[in-house]
Every structure is written in C-alpha cells, then in structure tokens.
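Here the structure comes first, spelled out in structure tokens, and everything after it is commentary.
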Amino acid sequence: MIRIGVADTTFARYDMGRSVIDELQKTDTGIVVERYTVPGIKDLPVACLKLFRERGCDIVVACGMPGPKPVDKISAQIASTGLMQVQLMTGKHIIEVFVHEDEARDSKELAWLSDRRAREHALNAYHLVRDPAYLTRFAGQGLRQGFEDVGPVEGSVGGYRH
Amino acid sequence: MIRIGVADTTFARYDMGRSVIDELQKTDTGIVVERYTVPGIKDLPVACLKLFRERGCDIVVACGMPGPKPVDKISAQIASTGLMQVQLMTGKHIIEVFVHEDEARDSKELAWLSDRRAREHALNAYHLVRDPAYLTRFAGQGLRQGFEDVGPVEGSVGGYRH
Amino acid sequence: MIRIGVADTTFARYDMGRSVIDELQKTDTGIVVERYTVPGIKDLPVACLKLFRERGCDIVVACGMPGPKPVDKISAQIASTGLMQVQLMTGKHIIEVFVHEDEARDSKELAWLSDRRAREHALNAYHLVRDPAYLTRFAGQGLRQGFEDVGPVEGSVGGYRH
Amino acid sequence: MIRIGVADTTFARYDMGRSVIDELQKTDTGIVVERYTVPGIKDLPVACLKLFRERGCDIVVACGMPGPKPVDKISAQIASTGLMQVQLMTGKHIIEVFVHEDEARDSKELAWLSDRRAREHALNAYHLVRDPAYLTRFAGQGLRQGFEDVGPVEGSVGGYRH
Amino acid sequence: MIRIGVADTTFARYDMGRSVIDELQKTDTGIVVERYTVPGIKDLPVACLKLFRERGCDIVVACGMPGPKPVDKISAQIASTGLMQVQLMTGKHIIEVFVHEDEARDSKELAWLSDRRAREHALNAYHLVRDPAYLTRFAGQGLRQGFEDVGPVEGSVGGYRH
C-alpha cells in the first residue's frame, strides 16, 4: 500500500490537487491519498512535513500557483527552498507542481496546463515511490510536464523518445 | 483551548497585531493570545520561535510591513526564509501577514489593506489549527487576503466560489 | 546582570561598536559588554555564535557597513541569513545594525547615521532582553533607527506617536 | 572498491549520466556505479542523499540541464543550494555537472559540451575520492570542464599548465 | 601549535593558496598548514568541513575566483552560503578570499590583487585564531584586503588609522 500526500493551496486558481488525486486513482487502486490544503505556497513546506510525520506519507505532491508579480516570484523561491529542506529532513521526495500564472497565454490555457502538469507529475511521484529505477530509461530525454516534451538534443546517442 | 501567537514590529506603520487579536476574539472566546513585538521583520523569526517554545503557542501569526526600497525587499526575503525555518524546526504553521508598503496607492488604502489582510489571515490561522481539513473546500479557488479574491480560472471544473 | 555582546568589523568606516557600548553604559550600569571584532560582515555570524556560546551573552548587537557595489549587497544578504541562523540555533535575538554606505549623501551624514542607528538599536536590544513586553506599546508605529520615524499611516486607530 | 553515485534527470536533453558512467568505467575497473534518475534538478538533492545513505556511495556526480528561462535559473539555484546542504549533512562531495541550455550556440554544441563536461567532472570525482591530494598540483591553473581551460593569469609564478 | 586549513580550487586563475601558505610561514614558524584543493568554489564548503573534522584545523582560509558571468555570481553566492553553514556547524571561522575576475582591469592586476588579498586575509585568519581581541583596535577603520584601505569616514571620533 502506497501512501501519497497531496498538499495544495486556496491561493491557486485551479484545483490541481483534484487532478493529482484523480490521476493517481486511475493508475493504481492500491494508493491511499492524504490531502492537506493551506492558504499559500509558503505554507506548503510545513504541510508536507506534517503529511510525512503525522500521516505517514511515502512521497508528497505539492501543488501551487505563484502569481505574476515580483513578490510572488520571491514567494515561490522561498517555498521551493522550504520544500527542499523538508525533503532533506525526511529523506523523501516532494514532487513540486508549480504553475506560474504567467506561463499561460490565457486562463483557458492556464486551466489546461495546470491539469496536465498535475497529472504528469502525479505519475512521476507514483513511479519514484513504486520503482526508483523506472525513470532511468528516460534520462536525458528532455521530458516536460504540461507543455510538450522538448526531446533530446541532436547528437545524443540513441535513446528512447517519449 | 487554542493558544495563538501574534508577532509584530515597531517598524510597521499599522498595528496589524491589534487587528489579528480583535478578529480572533470575535471568532472564538476560547482563544488565548500571546503577543510579542520586535523592532523589524528580521527579528520576527526568533520571536516566533520563542512564542512556540517559551509560551506554548499552537500557531503564530507574524505581521510585518516591508518598506519600498530594494534593501527592504531583501529584508523581507530573509525574514520569510527565517519564518520558514522556524516552521520546519517546530513542525507548526506560521501565517505570514506581510503588507508591502508599495502595494497600496496611498496611506488610507495601506491602512485598509493592513487591517483586512490581518483579519483574513487571522481566520486562516484559526481554521488551520482548529480543523486542518477545513481549507480543502477552497482548494484552487483563487482566494486572496486583503484585496478581492481573484477566483478560479475559466475551465476549472465545478468548485466553490468564495 | 545583563550580558550584551557587540560584534563589529574592521571593514566598516565608522566605529559603531563604540557607539553601542557608550549608549548601553549610559542606560544601565548593570550591563556587561562582550565585544568581538572580525574582518567583514560575513564573519559576523560565527562571531555572534561565539559571543553566545563562549561568552554567555543574552543578546548580541551586530554592526556592519556593507559597501555600495552589487557584490557588497550579496555579502550583506549572506551575512543577514547567517545571523538569522544563529538566532534560530540559540533561540536568542541578534539586533542587526547595518548601515549601507550608499544610504547617506556624504561621509558626514554617514558618520551621523551610523552613530544614531547604533545607539537606537542598542536601546532596542536592551529593552528586548530587559522586558520583552516593552516594545508592544510601539507596535505598528512606524519607528525607524537612524533617520526620523515615519510614523503610523493615516487611518490607524489611536496609538502612541513616538 | 569505490562506489560512485550518478544522479540525473529526465528533464535534461542529453544523457550525461551515461557519459559519466562510460568515463568512470574506462578509468578504473574497480568502480561500482549507482544510478538514480529523477524528473528535474530540484529532485536531485534528495536523490543524492539516498545514494549516500541507502546505497553507500562515497561521492556522487549530479547531472542536470537548467533551461534558459528566469524560472529555470532560480530552479538551478535552489537545486545547487540543496546539493550543498546534502554535502554538509553527509560530509561527502557532490560534483555538480550542470550544463545550462543557453551556454551552447546550438544543439550540436550542447550535446558536445554536455558529454565533455560530464566526462571531465567524472574524472574530478574519481580523483577526489581516490586521492584527495591529487588536485593540488592544478590549484589556481584556470581549469574548466567542457570548454577549453582558460589557464592561469599573467604574473602567476611558475605552475603547471594543463 | 596552530593548525590552519587552506582550501582552494583548480578553477581559479591564480594560486592564492600558495600566497596564503607563504604569508603564514613568514609570520609564525609554529603554524601547521593543511591544504585541500577542489575543482570549483561550490566544492569549497565540504572541503572546509573536512579540514575541520578530519584534519583538526582551528580556522580555514577558503580561496576562490568567481568568473564574470551571472551564473558565476550565483555560484559565488551559493558557495558563500555553504561556507557560512560550515562555520555555524563547527563554531569556527572560515576566512573567505574570493577575488572576482572582473574586479581587476587586466590579468596583471588580477594576479597582484589575488596575491595581496590572499596575504592580507592570511594575517586576518592568523590574528583571529591567535588573539581574538586583536582586531578590535581596527574596528570601524575601513580596512580592505587587496586594494587600499578606504579608512574611516569624516566625523569618526579619533581612532587608529591603518
């Protein structure tokens, strides 16, 4: 039984946590999901810590949507640094699903991007905890979550194309 | 009995600590407030640590008002990073109520914004410590504290509108 | 008996440590001062740690004067981050007295500003360690150290004016 | 028997991990390689921690390819800061092989640069763990990994030229 | 017997480690030097940690030469942050001798600057470990390492001029 945490925010403008949970449940019926919602991205690290320590998660997917202003970019950096610290304190992965509001041209694309990135990273989290060797077959393949994969550069030897 | 810490500064130009305390007391008569005032935002992290360790708080609301200069923005970043560290050391939330002096058009709006953000975050702190599951119903709903909620993006499936 | 540490640098262009010590001694004859001088601001954090651990200080005032170049600003940020860490390691306050060389119009103002900020922060340190509740009466009052207080914003309810 | 970890990503557009492993195996037949692939560079630090703790590595080579956007640069900084923390937690070196996508003029050069930097840093890792005194003969010699060595500056006394 | 560590890099374009060692040996015949050379500045922090823990150093002088590109500036910041952490982990000073390649007009000045800064900081390290009270006589005197001292500002009271 795998226990996967989902931490998300009320600040985000798309319910990425729901996409993550839906994708996980379609993938494997043996997954238990623990969800924890906080106000903003800087509240995510301690939420993740609680998901590991108080709810026994094996991995956490942390979803957030930084706004477009400089102060939002700084918040995202502080949040990411905190998520890093939690990973090193616990020795466990946190897969960060951050969609910056200014990555998309309009709100329709923002919704599409949020849903897709959340789902693709849900699978990354699943594979990392299910079989840590799984992703090596895609090493250096230019994979992206959300927008299209960019692929390996010309001159790469052989390799799998996603 | 919930014990909520309020850390604030003499540097700020609005008494956000008072707004937080007033809102908490209107919300629940069973809350004990512990207040600690320091000179500036970089003094807040150790103040919060003391509120957790020496005064037994369950959560802390940290209020600050960074000035408009580049050096003030750096101070805010260092302060936030310190607040993050305290959260990870204690495993408890600190709700950061920072109002940047240049967020408002004039000092009247600054006072209004400071009061309202302080009150809305006081409620976030209350809900987080009272019922950690409470905020999930607002996940991805584009909530803001102070200015109007921006709401979820077009294309979001269903969901509660605040 | 209060034991207050003073950490300062040979890089600074004004002897702020002397101002701090002079102000403390005028304020309370029961203060023991421990002074430690290092080359630059990035050497201050471990100096403060030694003042706490090896010389038993209750609080430390850390004085530095970052230069005007971008590399100096980065050094100031790293130094501040280190001072933050020392505070969180020891659970004690470090009052940072940094005067940026480009804050003043000329060297005369720089000397004046350095002396005054050092003295005002010396008092902040004294009050924090003597009576942690003291500063709450000035919460949100827009106090500054060195230049004039900016005061609370229009719309603030009542409150003390410094 | 030396145990060298190789951590890399599916985000990178060149399989640098393969280059590292190939170079190590050509250098010394007594090396055991442990490989761990994660989605992106911010996932590398905990991957390295696992390579040290769970797989007994003596040193790790961490390969990543930050993209050209500002958000990618921030990610690289957070990843590097995390790699630093892991080194200080374990007391062991992590050799960072980061190739920024915008370092190369075209994708052909990017492939060449990635391969060469990976191989040269693989040797650095090997020497550091095999004989920590080895690199002192090249101290201050302006060595680079990938592009040509820039060499020591005019006025340097004697010294080895690579 | 004082044990002073010297950590340096193969990336630097001047052998500052040699200058440090030469200056220390001219100053006091009772100093034991422990040297450790790594590829780049981000490898210095763990090298310093090893010099403290595995080779019993009392203080370390860490020499590096960040390149002129933005990515090099970020590396310098990460390296400095790591050096800070090692100091706080061990409670011992690391004197950072960083010469930015773009501080000098040409490579001749770069060599001169590197040698002189290394020597002057070698003496700072020596004094700090030999007699921690020594530098207080130079507090606030505007000392610099490498280029000329800038001196105290007009309005400073009395004080020693270097």
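Scheme for the structure tokens: letters A, B, ... for chains in order shown; per-chain residue numbers from 1; ligand numbers from 1 in order shown.
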
Problem - Shell around Gly140 (chain E) at 10 Å using only C-alpha atoms, local window under 2 positions removed, as a ChimeraX atom specification - result: /C:8-18,37,39,63-65 /E:136-138,142-143,151-153,156,159-160

May I have all residues of chain C that DSSP, computed from the backbone, assigns to strand (DSSP E), given as a short mmCIF file (atom, residue, chain, number, x, y, z; two decimals) with N, CA, C and O atoms, in the first residue's frame?
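For reference, part31.cif as written:
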```
data_model
loop_
_atom_site.label_atom_id
_atom_site.label_comp_id
_atom_site.auth_asym_id
_atom_site.auth_seq_id
_atom_site.Cartn_x
_atom_site.Cartn_y
_atom_site.Cartn_z
N ILE C 2 22.88 41.86 33.01
CA ILE C 2 22.65 41.54 31.61
C ILE C 2 23.99 41.51 30.89
O ILE C 2 24.83 42.40 31.09
N ARG C 3 24.19 40.50 30.04
CA ARG C 3 25.43 40.40 29.28
C ARG C 3 25.09 40.61 27.79
O ARG C 3 24.39 39.80 27.19
N ILE C 4 25.55 41.70 27.24
CA ILE C 4 25.22 42.05 25.86
C ILE C 4 26.49 41.99 25.00
O ILE C 4 27.51 42.59 25.32
N GLY C 5 26.40 41.22 23.91
CA GLY C 5 27.53 41.11 23.00
C GLY C 5 27.50 42.19 21.94
O GLY C 5 26.43 42.62 21.51
N VAL C 6 28.66 42.63 21.53
CA VAL C 6 28.78 43.59 20.42
C VAL C 6 29.76 43.00 19.42
O VAL C 6 30.94 42.79 19.74
N ALA C 7 29.26 42.70 18.21
CA ALA C 7 30.12 42.16 17.16
C ALA C 7 30.25 43.22 16.09
O ALA C 7 29.24 43.81 15.68
N ASP C 8 31.45 43.49 15.64
CA ASP C 8 31.61 44.50 14.59
C ASP C 8 32.79 44.16 13.70
O ASP C 8 33.39 43.10 13.84
N THR C 9 33.08 45.04 12.74
CA THR C 9 34.05 44.71 11.70
C THR C 9 35.12 45.80 11.52
O THR C 9 34.89 46.97 11.85
N ILE C 31 25.10 46.49 33.02
CA ILE C 31 25.32 45.72 31.80
C ILE C 31 26.80 45.37 31.64
O ILE C 31 27.66 46.23 31.77
N VAL C 32 27.05 44.09 31.34
CA VAL C 32 28.40 43.68 30.98
C VAL C 32 28.45 43.55 29.45
O VAL C 32 27.59 42.92 28.86
N VAL C 33 29.43 44.20 28.85
CA VAL C 33 29.56 44.14 27.40
C VAL C 33 30.69 43.21 27.00
O VAL C 33 31.78 43.26 27.57
N GLU C 34 30.42 42.35 26.01
CA GLU C 34 31.44 41.49 25.43
C GLU C 34 31.60 41.88 23.97
O GLU C 34 30.64 41.84 23.22
N ARG C 35 32.79 42.29 23.56
CA ARG C 35 32.99 42.77 22.20
C ARG C 35 33.87 41.80 21.40
O ARG C 35 34.83 41.26 21.92
N TYR C 36 33.53 41.68 20.10
CA TYR C 36 34.32 40.80 19.23
C TYR C 36 34.35 41.43 17.84
O TYR C 36 33.30 41.62 17.22
N THR C 37 35.54 41.72 17.37
CA THR C 37 35.70 42.38 16.08
C THR C 37 36.28 41.42 15.05
O THR C 37 37.26 40.73 15.33
N VAL C 38 35.66 41.39 13.88
CA VAL C 38 36.09 40.49 12.80
C VAL C 38 36.35 41.31 11.53
O VAL C 38 36.00 42.49 11.48
N ILE C 59 22.05 38.57 24.47
CA ILE C 59 21.64 39.16 23.20
C ILE C 59 22.91 39.73 22.58
O ILE C 59 23.88 40.00 23.28
N VAL C 60 22.90 39.87 21.24
CA VAL C 60 24.07 40.46 20.57
C VAL C 60 23.62 41.56 19.63
O VAL C 60 22.58 41.44 18.98
N VAL C 61 24.38 42.64 19.59
CA VAL C 61 24.19 43.69 18.59
C VAL C 61 25.30 43.51 17.56
O VAL C 61 26.48 43.53 17.91
N ALA C 62 24.91 43.29 16.28
CA ALA C 62 25.89 43.02 15.23
C ALA C 62 25.95 44.21 14.28
O ALA C 62 24.96 44.52 13.62
N CYS C 63 27.10 44.87 14.24
CA CYS C 63 27.26 46.10 13.45
C CYS C 63 28.06 45.84 12.18
O CYS C 63 29.13 45.24 12.23
N GLY C 64 27.57 46.35 11.06
CA GLY C 64 28.31 46.21 9.81
C GLY C 64 27.96 47.32 8.85
O GLY C 64 26.91 47.96 8.98
N ILE C 94 19.57 38.60 17.79
CA ILE C 94 20.71 39.41 17.34
C ILE C 94 20.10 40.64 16.69
O ILE C 94 19.31 40.53 15.75
N ILE C 95 20.43 41.82 17.22
CA ILE C 95 19.94 43.04 16.61
C ILE C 95 20.97 43.49 15.58
O ILE C 95 22.12 43.76 15.91
N GLU C 96 20.53 43.51 14.32
CA GLU C 96 21.43 43.82 13.22
C GLU C 96 21.48 45.33 12.99
O GLU C 96 20.45 45.95 12.72
N VAL C 97 22.66 45.91 13.13
CA VAL C 97 22.83 47.33 12.84
C VAL C 97 23.68 47.44 11.59
O VAL C 97 24.91 47.51 11.64
N PHE C 98 23.01 47.41 10.45
CA PHE C 98 23.72 47.53 9.19
C PHE C 98 23.43 48.92 8.63
O PHE C 98 22.27 49.33 8.51
#
```

Exercise for the section: Up to 10 Å from chain B, what residues of chain C turn up? Count only C-alpha atoms and give them as a ChimeraX atom specification. Expected result: /C:73-74,76-78,80-96,100,121,124-125,127-128,132-145,149-159

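CA of Pro66 (chain A) sits 22.9 Å away from CA of Arg105 (chain B).
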
Problem - Backbone-only DSSP, alpha helix (DSSP H) members of region 2-151 of chain C, as an NGL selection string - result: :C and (16-27 or 44-53 or 70-90 or 107-130)

Problem - Contacts of region 146-148 of chain D at 7 Å (only C-alpha atoms; same-chain gap of 5+ positions) as a ChimeraX atom specification - result: /D:113,116-117
